[in-house]
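Heads up, input_11.tsv below (TSV, C-alpha atoms and all ligand atoms):
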```
chain	number	residue	atom	x	y	z
A	13	MET	CA	-9.06	12.81	8.57
A	14	GLN	CA	-11.65	10.07	9.05
A	15	ALA	CA	-10.49	6.46	9.10
A	16	PRO	CA	-11.80	4.55	6.06
A	17	ASN	CA	-13.58	2.07	8.37
A	18	SER	CA	-15.19	4.63	10.66
A	19	PRO	CA	-18.91	4.05	11.37
A	20	ALA	CA	-19.54	7.81	11.15
A	21	LEU	CA	-18.13	7.89	7.61
A	22	ALA	CA	-20.10	4.80	6.57
A	23	ASP	CA	-23.34	6.36	7.84
A	24	ALA	CA	-22.68	9.85	6.45
A	25	ALA	CA	-22.46	8.33	2.98
A	26	ALA	CA	-26.19	7.52	3.07
A	27	ASN	CA	-26.83	11.24	2.48
A	28	TRP	CA	-24.33	11.72	-0.32
A	29	THR	CA	-25.24	11.92	-3.99
A	30	GLY	CA	-23.46	10.02	-6.74
A	31	ALA	CA	-23.45	9.80	-10.51
A	32	TYR	CA	-22.19	6.83	-12.52
A	33	VAL	CA	-21.21	7.21	-16.19
A	34	HIS	CA	-20.46	4.09	-18.25
A	35	ILE	CA	-17.88	4.07	-21.06
A	36	PRO	CA	-18.15	0.61	-22.66
A	37	PHE	CA	-15.27	0.63	-25.17
A	38	CYS	CA	-12.53	-1.99	-24.79
A	39	ALA	CA	-9.64	-2.91	-27.09
A	40	ARG	CA	-10.45	-6.56	-26.53
A	41	VAL	CA	-12.92	-8.33	-24.25
A	42	CYS	CA	-11.12	-10.16	-21.43
A	43	PRO	CA	-12.16	-13.84	-21.12
A	44	TYR	CA	-13.57	-13.44	-17.57
A	45	CYS	CA	-15.51	-10.21	-18.15
A	46	ASP	CA	-19.31	-10.01	-18.19
A	47	PHE	CA	-19.66	-6.22	-17.99
A	48	ALA	CA	-21.55	-4.20	-20.59
A	49	VAL	CA	-18.68	-3.69	-23.04
A	50	VAL	CA	-18.08	-3.40	-26.77
A	51	GLN	CA	-15.03	-4.20	-28.87
A	52	GLY	CA	-14.20	-2.86	-32.35
A	53	GLN	CA	-16.64	0.07	-32.02
A	54	ASP	CA	-14.17	2.90	-31.44
A	55	ASP	CA	-15.53	4.71	-34.51
A	56	GLN	CA	-18.75	5.11	-32.48
A	57	VAL	CA	-17.12	6.88	-29.50
A	58	GLY	CA	-18.22	10.38	-30.57
A	59	ARG	CA	-21.78	9.20	-31.19
A	60	TYR	CA	-21.90	7.43	-27.83
A	61	ILE	CA	-20.64	10.48	-25.92
A	62	GLU	CA	-23.30	12.60	-27.62
A	63	ALA	CA	-25.90	10.06	-26.52
A	64	LEU	CA	-24.59	10.26	-22.95
A	65	VAL	CA	-24.77	14.06	-22.99
A	66	THR	CA	-28.37	13.79	-24.25
A	67	GLU	CA	-29.27	11.26	-21.56
A	68	ILE	CA	-27.79	13.49	-18.84
A	69	SER	CA	-29.64	16.54	-20.19
A	70	VAL	CA	-33.02	14.87	-20.72
A	71	GLY	CA	-32.95	13.21	-17.28
A	72	GLY	CA	-33.22	16.64	-15.66
A	73	SER	CA	-31.56	18.09	-12.60
A	74	TRP	CA	-31.34	16.39	-9.23
A	75	ARG	CA	-29.01	17.49	-6.38
A	76	PRO	CA	-25.38	18.67	-6.43
A	77	LEU	CA	-23.09	15.67	-6.70
A	78	ASP	CA	-20.63	14.49	-4.06
A	79	ALA	CA	-19.14	11.71	-6.16
A	80	VAL	CA	-18.89	10.88	-9.85
A	81	PHE	CA	-17.65	7.50	-11.07
A	82	VAL	CA	-16.70	7.02	-14.71
A	83	GLY	CA	-16.50	3.24	-15.16
A	84	GLY	CA	-16.39	0.76	-17.95
A	85	GLY	CA	-15.38	-0.74	-20.12
A	86	THR	CA	-12.28	1.33	-20.47
A	87	PRO	CA	-12.83	5.06	-19.91
A	88	SER	CA	-9.12	5.73	-20.53
A	89	ARG	CA	-9.61	4.79	-24.22
A	90	ILE	CA	-11.50	8.02	-24.89
A	91	ASP	CA	-10.02	11.43	-25.46
A	92	PRO	CA	-9.84	13.58	-22.27
A	93	GLY	CA	-11.66	16.36	-24.14
A	94	LEU	CA	-14.73	14.11	-24.39
A	95	LEU	CA	-14.68	13.55	-20.65
A	96	VAL	CA	-14.59	17.31	-20.14
A	97	ALA	CA	-17.89	17.53	-22.05
A	98	LEU	CA	-19.46	14.88	-19.82
A	99	ILE	CA	-18.27	16.32	-16.51
A	100	GLU	CA	-19.32	19.83	-17.55
A	101	ARG	CA	-22.77	18.58	-18.49
A	102	LEU	CA	-23.14	16.77	-15.16
A	103	ALA	CA	-22.08	19.94	-13.34
A	104	GLU	CA	-24.50	22.11	-15.34
A	105	VAL	CA	-27.44	19.77	-14.84
A	106	HIS	CA	-26.96	18.69	-11.20
A	107	GLY	CA	-24.22	20.86	-9.77
A	108	LEU	CA	-20.93	19.48	-8.47
A	109	ASN	CA	-19.95	20.09	-4.85
A	110	PRO	CA	-16.56	21.85	-4.52
A	111	ASP	CA	-14.92	18.84	-2.85
A	112	ALA	CA	-16.62	16.25	-5.09
A	113	GLU	CA	-14.64	13.10	-5.85
A	114	VAL	CA	-14.45	12.33	-9.58
A	115	THR	CA	-13.11	8.82	-10.22
A	116	MET	CA	-12.28	7.22	-13.53
A	117	GLU	CA	-11.25	3.66	-14.29
A	118	ALA	CA	-8.22	3.27	-16.52
A	119	ASN	CA	-6.16	0.57	-18.15
A	120	PRO	CA	-2.41	0.99	-17.60
A	121	GLU	CA	-1.48	0.56	-21.27
A	122	ASP	CA	-3.53	3.62	-22.30
A	123	TRP	CA	-2.09	5.97	-19.71
A	124	SER	CA	0.29	8.23	-21.61
A	125	SER	CA	1.61	11.41	-19.94
A	126	GLU	CA	-0.68	13.45	-22.22
A	127	LYS	CA	-3.75	11.49	-21.21
A	128	SER	CA	-2.79	11.59	-17.54
A	129	ASP	CA	-2.48	15.39	-17.59
A	130	GLY	CA	-5.55	15.70	-19.81
A	131	PHE	CA	-7.83	13.66	-17.56
A	132	ARG	CA	-6.59	15.53	-14.49
A	133	ARG	CA	-7.33	18.85	-16.23
A	134	ALA	CA	-10.76	17.46	-17.18
A	135	GLY	CA	-11.57	17.41	-13.46
A	136	VAL	CA	-10.83	13.79	-12.57
A	137	THR	CA	-9.51	13.62	-8.98
A	138	ARG	CA	-9.14	9.88	-8.49
A	139	VAL	CA	-7.94	7.19	-10.89
A	140	SER	CA	-8.42	3.47	-10.49
A	141	PHE	CA	-6.12	1.31	-12.61
A	142	GLY	CA	-7.13	-2.19	-13.69
A	143	ALA	CA	-3.73	-3.67	-12.78
A	144	GLN	CA	-5.01	-7.17	-11.82
A	145	SER	CA	-1.55	-8.76	-11.42
A	146	PHE	CA	2.16	-8.06	-11.73
A	147	ASP	CA	2.86	-11.56	-13.02
A	148	PRO	CA	3.15	-11.55	-16.85
A	149	VAL	CA	1.91	-15.15	-17.05
A	150	THR	CA	-1.19	-14.40	-14.97
A	151	LEU	CA	-1.83	-11.25	-16.97
A	152	GLY	CA	-1.63	-13.38	-20.13
A	153	THR	CA	-4.11	-15.91	-18.72
A	154	LEU	CA	-6.49	-13.04	-17.90
A	155	GLY	CA	-6.17	-11.76	-21.48
A	156	ARG	CA	-4.79	-8.42	-20.36
A	157	ARG	CA	-2.82	-6.26	-22.78
A	158	HIS	CA	-0.45	-4.64	-20.30
A	159	GLY	CA	2.67	-5.78	-18.49
A	160	PRO	CA	3.99	-4.90	-15.00
A	161	ALA	CA	6.10	-2.03	-16.36
A	162	ASP	CA	2.95	-0.40	-17.82
A	163	ILE	CA	1.34	-0.39	-14.36
A	164	MET	CA	4.40	1.19	-12.75
A	165	ARG	CA	4.64	3.86	-15.45
A	166	ALA	CA	0.92	4.63	-15.25
A	167	VAL	CA	0.98	5.12	-11.48
A	168	GLU	CA	4.05	7.37	-11.64
A	169	ARG	CA	2.43	9.46	-14.37
A	170	ALA	CA	-0.80	9.79	-12.41
A	171	ARG	CA	1.18	10.92	-9.35
A	172	THR	CA	3.02	13.50	-11.43
A	173	SER	CA	-0.27	14.79	-12.87
A	174	GLY	CA	-1.55	15.45	-9.34
A	175	PHE	CA	-4.44	13.02	-8.85
A	176	SER	CA	-5.40	13.10	-5.19
A	177	SER	CA	-6.07	9.35	-4.98
A	178	ILE	CA	-4.64	6.47	-6.98
A	179	SER	CA	-6.11	2.99	-6.69
A	180	LEU	CA	-5.19	-0.41	-8.09
A	181	ASP	CA	-7.59	-3.28	-8.78
A	182	LEU	CA	-6.01	-6.69	-8.25
A	183	ILE	CA	-7.45	-10.14	-9.02
A	184	LEU	CA	-6.49	-13.10	-6.85
A	185	GLY	CA	-6.83	-16.79	-7.53
A	186	THR	CA	-6.45	-17.01	-11.31
A	187	VAL	CA	-5.91	-20.64	-12.34
A	188	GLY	CA	-2.16	-21.25	-12.46
A	189	GLU	CA	-1.27	-18.38	-10.10
A	190	SER	CA	0.87	-19.63	-7.20
A	191	LEU	CA	0.87	-18.19	-3.69
A	192	VAL	CA	4.41	-16.97	-4.36
A	193	SER	CA	3.27	-15.15	-7.49
A	194	TRP	CA	0.38	-13.51	-5.61
A	195	GLU	CA	2.71	-12.43	-2.82
A	196	ALA	CA	5.05	-10.88	-5.40
A	197	THR	CA	2.07	-9.06	-6.95
A	198	LEU	CA	1.17	-7.60	-3.55
A	199	ASP	CA	4.78	-6.58	-2.90
A	200	ASP	CA	5.12	-4.94	-6.32
A	201	ALA	CA	1.84	-3.06	-5.85
A	202	LEU	CA	2.88	-1.85	-2.41
A	203	GLU	CA	6.15	-0.47	-3.76
A	204	LEU	CA	4.12	2.06	-5.76
A	205	PRO	CA	2.83	5.44	-4.51
A	206	ILE	CA	-0.82	4.35	-4.28
A	207	ASP	CA	-3.57	5.20	-1.79
A	208	HIS	CA	-6.17	2.51	-2.33
A	209	VAL	CA	-6.38	-1.14	-3.35
A	210	SER	CA	-9.40	-3.22	-4.39
A	211	ILE	CA	-8.96	-6.98	-4.33
A	212	TYR	CA	-11.33	-9.37	-6.07
A	213	ALA	CA	-11.25	-13.15	-6.22
A	214	LEU	CA	-11.60	-14.32	-9.82
A	215	THR	CA	-15.16	-15.52	-10.36
A	216	ILE	CA	-16.30	-17.55	-13.32
A	217	GLU	CA	-19.30	-16.00	-15.06
A	218	ARG	CA	-21.56	-18.03	-17.33
A	219	GLY	CA	-21.44	-17.01	-20.97
A	220	THR	CA	-17.82	-15.79	-20.83
A	221	PRO	CA	-14.94	-17.73	-22.44
A	222	PHE	CA	-13.79	-18.76	-18.93
A	223	GLY	CA	-17.35	-19.85	-18.11
A	224	ARG	CA	-17.52	-22.00	-21.23
A	225	ALA	CA	-14.10	-23.52	-20.53
A	226	VAL	CA	-15.11	-24.48	-16.98
A	227	ALA	CA	-18.46	-25.86	-18.20
A	228	ALA	CA	-16.50	-28.02	-20.65
A	229	GLY	CA	-14.53	-29.51	-17.75
A	230	GLY	CA	-11.59	-27.11	-17.61
A	231	PRO	CA	-9.94	-26.10	-14.33
A	232	SER	CA	-11.69	-23.53	-12.16
A	233	PRO	CA	-10.36	-21.32	-9.35
A	234	ASN	CA	-9.92	-23.09	-6.03
A	235	GLU	CA	-11.79	-21.54	-3.09
A	236	ASP	CA	-9.24	-22.61	-0.46
A	237	ASP	CA	-6.42	-21.18	-2.54
A	238	GLN	CA	-8.36	-17.93	-2.92
A	239	ALA	CA	-9.03	-17.76	0.84
A	240	ASP	CA	-5.29	-18.19	1.58
A	241	LYS	CA	-4.42	-15.43	-0.88
A	242	TYR	CA	-7.08	-13.15	0.56
A	243	GLU	CA	-5.73	-13.66	4.10
A	244	LEU	CA	-2.24	-12.87	2.90
A	245	ALA	CA	-3.51	-9.69	1.20
A	246	VAL	CA	-5.36	-8.49	4.32
A	247	ARG	CA	-2.23	-9.03	6.42
A	248	ARG	CA	0.23	-7.48	3.97
A	249	LEU	CA	-1.94	-4.42	3.21
A	250	GLY	CA	-2.56	-3.86	6.92
A	251	GLU	CA	1.18	-3.93	7.62
A	252	ARG	CA	1.63	-1.20	5.02
A	253	GLY	CA	-0.98	1.19	6.44
A	254	PHE	CA	-3.97	0.29	4.29
A	255	VAL	CA	-7.15	0.12	6.36
A	256	GLN	CA	-9.69	-2.43	5.24
A	257	TYR	CA	-13.12	-0.80	5.04
A	258	GLU	CA	-15.08	-3.34	2.98
A	259	THR	CA	-14.59	-6.99	2.07
A	260	SER	CA	-12.68	-6.07	-1.10
A	261	ASN	CA	-11.44	-2.55	-0.37
A	262	PHE	CA	-8.47	-1.07	1.47
A	263	ALA	CA	-7.45	2.58	1.75
A	264	LYS	CA	-5.01	4.87	3.46
A	265	PRO	CA	-6.77	7.35	5.80
A	266	GLY	CA	-8.65	9.96	3.77
A	267	HIS	CA	-8.72	7.81	0.62
A	268	ALA	CA	-11.85	5.67	0.95
A	269	CYS	CA	-13.83	5.75	-2.30
A	270	ARG	CA	-16.71	8.13	-1.73
A	271	TYR	CA	-18.80	6.78	-4.61
A	272	ASN	CA	-18.62	3.22	-3.28
A	273	LEU	CA	-19.38	4.35	0.27
A	274	THR	CA	-22.52	6.03	-1.10
A	275	ALA	CA	-23.71	2.87	-2.85
A	276	TRP	CA	-22.98	0.65	0.18
A	277	ALA	CA	-24.93	2.99	2.47
A	278	GLN	CA	-27.98	2.80	0.17
A	279	GLY	CA	-27.34	6.39	-0.81
A	280	GLU	CA	-28.83	7.56	-4.07
A	281	TYR	CA	-27.10	7.82	-7.41
A	282	VAL	CA	-28.04	8.62	-10.97
A	283	ALA	CA	-26.45	6.65	-13.80
A	284	TYR	CA	-25.97	7.06	-17.52
A	285	GLY	CA	-24.86	4.85	-20.36
A	286	LEU	CA	-24.94	1.30	-21.57
A	287	GLY	CA	-26.34	-1.08	-18.92
A	288	ALA	CA	-25.99	1.56	-16.19
A	289	HIS	CA	-27.83	0.96	-12.88
A	290	ARG	CA	-29.27	3.77	-10.71
A	291	HIS	CA	-30.97	4.12	-7.32
A	292	LEU	CA	-33.35	7.02	-6.94
A	293	ASP	CA	-36.45	7.62	-4.80
A	294	GLY	CA	-36.42	4.04	-3.50
A	295	THR	CA	-36.38	2.58	-7.01
A	296	ARG	CA	-33.59	0.77	-8.80
A	297	SER	CA	-33.57	0.89	-12.59
A	298	TRP	CA	-31.14	-0.09	-15.28
A	299	ASN	CA	-30.49	0.71	-18.92
A	300	VAL	CA	-30.47	-1.63	-21.90
A	301	ARG	CA	-27.21	-3.55	-22.39
A	302	ARG	CA	-27.23	-3.77	-26.21
A	303	PHE	CA	-25.06	-1.07	-27.72
A	304	ASP	CA	-27.17	-0.36	-30.80
A	305	ALA	CA	-30.39	-0.43	-28.75
A	306	TYR	CA	-28.98	2.15	-26.32
A	307	LEU	CA	-27.90	4.49	-29.13
A	308	ASN	CA	-31.12	4.06	-31.11
A	309	ARG	CA	-33.33	4.69	-28.11
A	310	ILE	CA	-31.52	7.88	-27.09
A	311	GLU	CA	-31.36	9.17	-30.67
A	312	SER	CA	-35.07	8.59	-31.22
A	313	GLY	CA	-35.99	10.32	-27.96
A	314	GLU	CA	-36.93	7.12	-26.09
A	315	SER	CA	-35.90	6.19	-22.58
A	316	PRO	CA	-32.89	3.83	-22.39
A	317	ILE	CA	-34.29	2.20	-19.23
A	318	ALA	CA	-34.76	-1.55	-19.69
A	319	ASN	CA	-36.43	-2.25	-16.36
A	320	SER	CA	-36.97	-1.00	-12.82
A	321	GLU	CA	-37.76	-2.35	-9.40
A	322	ALA	CA	-39.31	-0.43	-6.49
A	323	LEU	CA	-37.91	-1.81	-3.26
A	324	ASP	CA	-40.52	-2.39	-0.55
A	325	ALA	CA	-39.60	-1.91	3.11
A	326	ILE	CA	-38.61	-5.57	3.56
A	327	ALA	CA	-36.42	-5.67	0.44
A	328	LYS	CA	-34.82	-2.38	1.43
A	329	GLU	CA	-33.99	-3.68	4.90
A	330	GLU	CA	-32.56	-6.92	3.51
A	331	GLU	CA	-30.40	-5.02	1.07
A	332	ARG	CA	-29.24	-2.69	3.86
A	333	LEU	CA	-28.04	-5.68	5.87
A	334	ILE	CA	-26.47	-7.55	2.93
A	335	VAL	CA	-24.49	-4.60	1.62
A	336	GLY	CA	-23.81	-3.04	5.03
A	337	LEU	CA	-22.33	-6.18	6.56
A	338	ARG	CA	-19.55	-6.18	3.95
A	339	ARG	CA	-18.28	-2.95	5.48
A	340	LEU	CA	-15.82	-3.25	8.34
A	341	ALA	CA	-17.87	-0.58	10.14
A	342	GLY	CA	-20.82	-2.98	10.04
A	343	VAL	CA	-24.40	-1.82	9.96
A	344	GLU	CA	-27.03	-0.54	12.41
A	345	ALA	CA	-28.51	-3.84	13.60
A	346	GLY	CA	-32.14	-2.74	13.39
A	347	GLU	CA	-34.98	-4.89	14.68
A	348	ARG	CA	-34.32	-7.70	12.23
A	349	GLY	CA	-30.61	-7.92	13.02
A	350	ARG	CA	-31.21	-7.87	16.79
A	351	ARG	CA	-33.90	-10.53	16.55
A	352	TRP	CA	-31.59	-12.74	14.51
A	353	LEU	CA	-28.70	-12.23	16.90
A	354	ALA	CA	-30.85	-13.23	19.87
A	355	GLY	CA	-31.93	-16.44	18.11
A	356	SER	CA	-30.03	-19.72	18.02
A	357	ALA	CA	-28.21	-19.07	14.71
A	358	GLY	CA	-27.09	-15.61	15.84
A	359	GLN	CA	-25.95	-16.89	19.22
A	360	ARG	CA	-23.99	-19.72	17.61
A	361	LEU	CA	-22.09	-17.32	15.33
A	362	ALA	CA	-21.60	-14.78	18.15
A	363	GLU	CA	-20.14	-17.49	20.40
A	364	ALA	CA	-17.83	-18.52	17.56
A	365	GLY	CA	-16.67	-14.89	17.45
A	366	LEU	CA	-17.87	-14.33	13.89
A	367	VAL	CA	-20.40	-11.58	14.65
A	368	LYS	CA	-20.66	-9.02	17.40
A	369	LEU	CA	-22.91	-6.17	18.41
A	370	THR	CA	-20.90	-2.97	18.95
A	371	GLU	CA	-22.73	0.22	19.92
A	372	GLY	CA	-25.88	-1.00	18.17
A	373	ARG	CA	-24.04	-2.09	15.04
A	374	LEU	CA	-23.80	-5.61	13.76
A	375	VAL	CA	-20.22	-6.34	12.71
A	376	VAL	CA	-18.88	-9.47	10.99
A	377	THR	CA	-15.33	-10.09	12.18
A	378	ASP	CA	-14.24	-12.15	9.14
A	379	PRO	CA	-15.04	-10.09	6.01
A	380	LEU	CA	-14.95	-13.24	3.85
A	381	LYS	CA	-17.96	-14.54	5.80
A	382	ALA	CA	-20.03	-11.34	5.48
A	383	ASP	CA	-22.20	-12.71	2.65
A	384	THR	CA	-22.83	-15.98	4.51
A	385	VAL	CA	-23.93	-14.14	7.67
A	386	ALA	CA	-26.13	-11.76	5.65
A	387	ARG	CA	-27.83	-14.73	3.93
A	388	GLU	CA	-28.51	-16.31	7.34
A	389	ILE	CA	-30.11	-13.10	8.60
A	390	VAL	CA	-32.35	-12.45	5.59
A	391	GLY	CA	-33.24	-16.14	5.36
A	392	ALA	CA	-34.20	-16.40	9.06
G	401	LIG	S1	-10.70	-4.22	-19.92
G	401	LIG	FE1	-12.08	-4.40	-18.13
G	401	LIG	S2	-14.11	-3.91	-18.87
G	401	LIG	FE2	-12.83	-4.30	-20.69
G	401	LIG	S3	-13.16	-6.45	-21.14
G	401	LIG	FE3	-11.37	-6.36	-19.81
G	401	LIG	S4	-12.18	-6.61	-17.72
G	401	LIG	FE4	-13.93	-6.11	-19.06
```
Would you put the structure from the file into structure tokens?
Ligand code: SF4
Amino acid sequence: MQAPNSPALADAAANWTGAYVHIPFCARVCPYCDFAVVQGQDDQVGRYIEALVTEISVGGSWRPLDAVFVGGGTPSRIDPGLLVALIERLAEVHGLNPDAEVTMEANPEDWSSEKSDGFRRAGVTRVSFGAQSFDPVTLGTLGRRHGPADIMRAVERARTSGFSSISLDLILGTVGESLVSWEATLDDALELPIDHVSIYALTIERGTPFGRAVAAGGPSPNEDDQADKYELAVRRLGERGFVQYETSNFAKPGHACRYNLTAWAQGEYVAYGLGAHRHLDGTRSWNVRRFDAYLNRIESGESPIANSEALDAIAKEEERLIVGLRRLAGVEAGERGRRWLAGSAGQRLAEAGLVKLTEGRLVVTDPLKADTVAREIVGA
């Protein structure tokens, strides 16, 4: 079983194939969220799934898939039978490798025993719950509809249904969350039979209710507070056998997310649905984000693609370094990385112990500084 942070695993992912499918429906839009989501459109679910099936079919076949990721939005709001139709269509069009990982995102409050069994039978192997916190006050601030007991029930049900990997997403640094509350959230999460944890610091996005509140002078998350909570999380998860393999991601051996590894290794992936982004043949492209525009385009036989960008060799190399340095396995230094490391900025950070060259790979020793180091390299 390969360690989640193994360089061999990180590099192998560059040859894997992924497919992303976006399900945008949410019961209510959370005040921090800037994803492509819709609220109050559940009567359009059937129409949207049909559009997705059309988009998958019209796009034509590619290569058998190693990883499928059904994200949102809230995929767990739809009926498992609809997901069967999507997974079957993906398998018919591209093929699905026998050991393919099929992940879906889920909200704990939707996860009844029937849905849990139904999604497992639909072919989902890995479920990622948007838990965010175990503190009811913090959950309220984040506008979430579930409580701690919903998370515990959902995880137990998923385990009973036989998912091979269960992950929790947690958010640290919400305004009003104390260090004690965050520690309790970590402890509660680690009491559960989970295999993977993703930890994100709350960021304030313009155009969201939180963004408007901060722009109007309201309190915003404190970076020092978030750094302390992150350090605590890295320590606590490590003590409990979770191996950090990317700035935000921790897994037990054998449970690294294959779809994410593919994206971080600049592997290729197709994508379908509202606002979905893909990477194919050296080109990145993304779909329209307006719900009615997406449906109308598909139904009238037009492409849903809003825009695309062909990466030249320089952009590709910069992206390789930026994304790769967030992995604990680091990234093949390449000419640009070596040149930077030999220069004064590289030497300064190497002497400070922040970066090192290990068997030709550039590794950032403090994952929180990975973006800063990457910016220094691409800006040099
Ligand atoms: S449930 Fe998730 S996708 Fe939906 S609004 Fe909230 S954060 Fe965004």
- request: Kindly give the distance, in Å, that separates CA of Ala354 in chain A and CA of Leu380 in chain A, rounded to a single decimal.
  value: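 Between these atoms lies a distance of 22.6 Å.
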message: Using only C-alpha atoms and all ligand atoms, which residues of the polymer chains come no farther than 9 Å from ligand LIG 401 (chain G)? I'd like the answer as a list in words.
response: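 Listing the residues within 9 Å of ligand LIG 401 (chain G) gives Pro36, Phe37, Cys38, Ala39, Arg40, Val41, Cys42, Pro43, Tyr44, Cys45, Asp46, Phe47, Ala48, Val49, Val50, Gln51, Gly83, Gly84, Gly85, Thr86, Glu117, Ala118, Asn119, Gly142, Leu154, Gly155, Arg156 and Arg157 of chain A.
Nearest-residue note for Asp200 in chain A: choosing from A:Gly266, A:Gly71, A:Gly152, A:Pro160, the minimum distance belongs to A:Pro160, counting all atoms listed in the file.
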- request: Skip Gly294 in chain A itself and residues of its chain fewer than 5 positions away, then list as JSON, numbers by chain all residues within 12 Å of it, counting only C-alpha atoms.
  value: {"A": [278, 279, 280, 281, 320, 321, 322, 323, 324, 325, 327, 328, 329, 331]}
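With distances taken over all atoms listed in the file, A:Pro16 is the one residue among A:Gly219, A:Pro205, A:Gly93, A:Pro16 lying closest to Glu258 in chain A.
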query: Looking at A:Gly313, A:Gly185, A:Pro92, A:Gly342, which one is nearest to Gly135 in chain A, with distances taken over all atoms listed in the file?
result: A:Pro92
query: Which neighbours of Gly285 in chain A fall inside 9 Å, counting only C-alpha atoms, when residues of the same chain fewer than 2 positions from it are skipped, and could you give them as a PyMOL selection string?
result: chain A and resi 32-36+60-61+63-64+67+283+287-289+299-301+306+316
query: Expressed in Å to a single decimal, how great is the separation between CA of Phe262 in chain A and CA of His208 in chain A?
result: 5.7 Å
- prompt: With all atoms listed in the file as the basis for distance, which of A:Ser179, A:Thr66, A:Thr172, A:Ser297 is at the shortest distance from Arg309 in chain A?
  reply: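 Residue with the minimum atom-to-atom distance to Arg309 in chain A: A:Thr66.
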message: Taking all atoms listed in the file into account, name the residue in A:Ala31, A:Leu204, A:Ala225, A:Ile317 that is nearest to Ile163 in chain A.
response: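 For Ile163 in chain A, the nearest of the candidates is A:Leu204.
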field: Distance in Å - CA of Tyr271 in chain A versus CA of Gly30 in chain A
entry: 6.1 Å
message: Please determine, counting all atoms listed in the file, which residue among A:Arg387, A:Arg75, A:His291, A:Arg373 has the shortest atom-to-atom distance to Trp276 in chain A.
response: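 Once distances to Trp276 in chain A are computed over all atoms listed in the file, the minimum belongs to A:His291.
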- request: For Ala22 in chain A, work out the shell of residues within 8 Å, counting all atoms listed in the file and skipping chain neighbours fewer than 6 positions away, then give it as a list in words.
  value: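 So the residues in contact are Leu273, Ala277 and Ala341 of chain A.
Excluding Leu180 in chain A and any residue on its chain fewer than 2 positions from it, the residues at most 8 Å away by all atoms listed in the file are Ser140, Phe141, Gly142, Ala143, Gln144, Ile178, Leu182, Ala201, Ile206, His208, Val209 and Ser210 of chain A.
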Excluding Arg248 in chain A and its own-chain neighbours fewer than 4 positions away, which residues fall within 8 Å of it when counting all atoms listed in the file? Please give them as a PDB file with C-alpha atoms, keeping the file's coordinate frame.
```
ATOM      1  CA  LEU A 198       1.170  -7.600  -3.550  1.00  0.00           C
ATOM      2  CA  LEU A 244      -2.240 -12.870   2.900  1.00  0.00           C
ATOM      3  CA  ARG A 252       1.630  -1.200   5.020  1.00  0.00           C
TER       4      ARG A 252
END
```
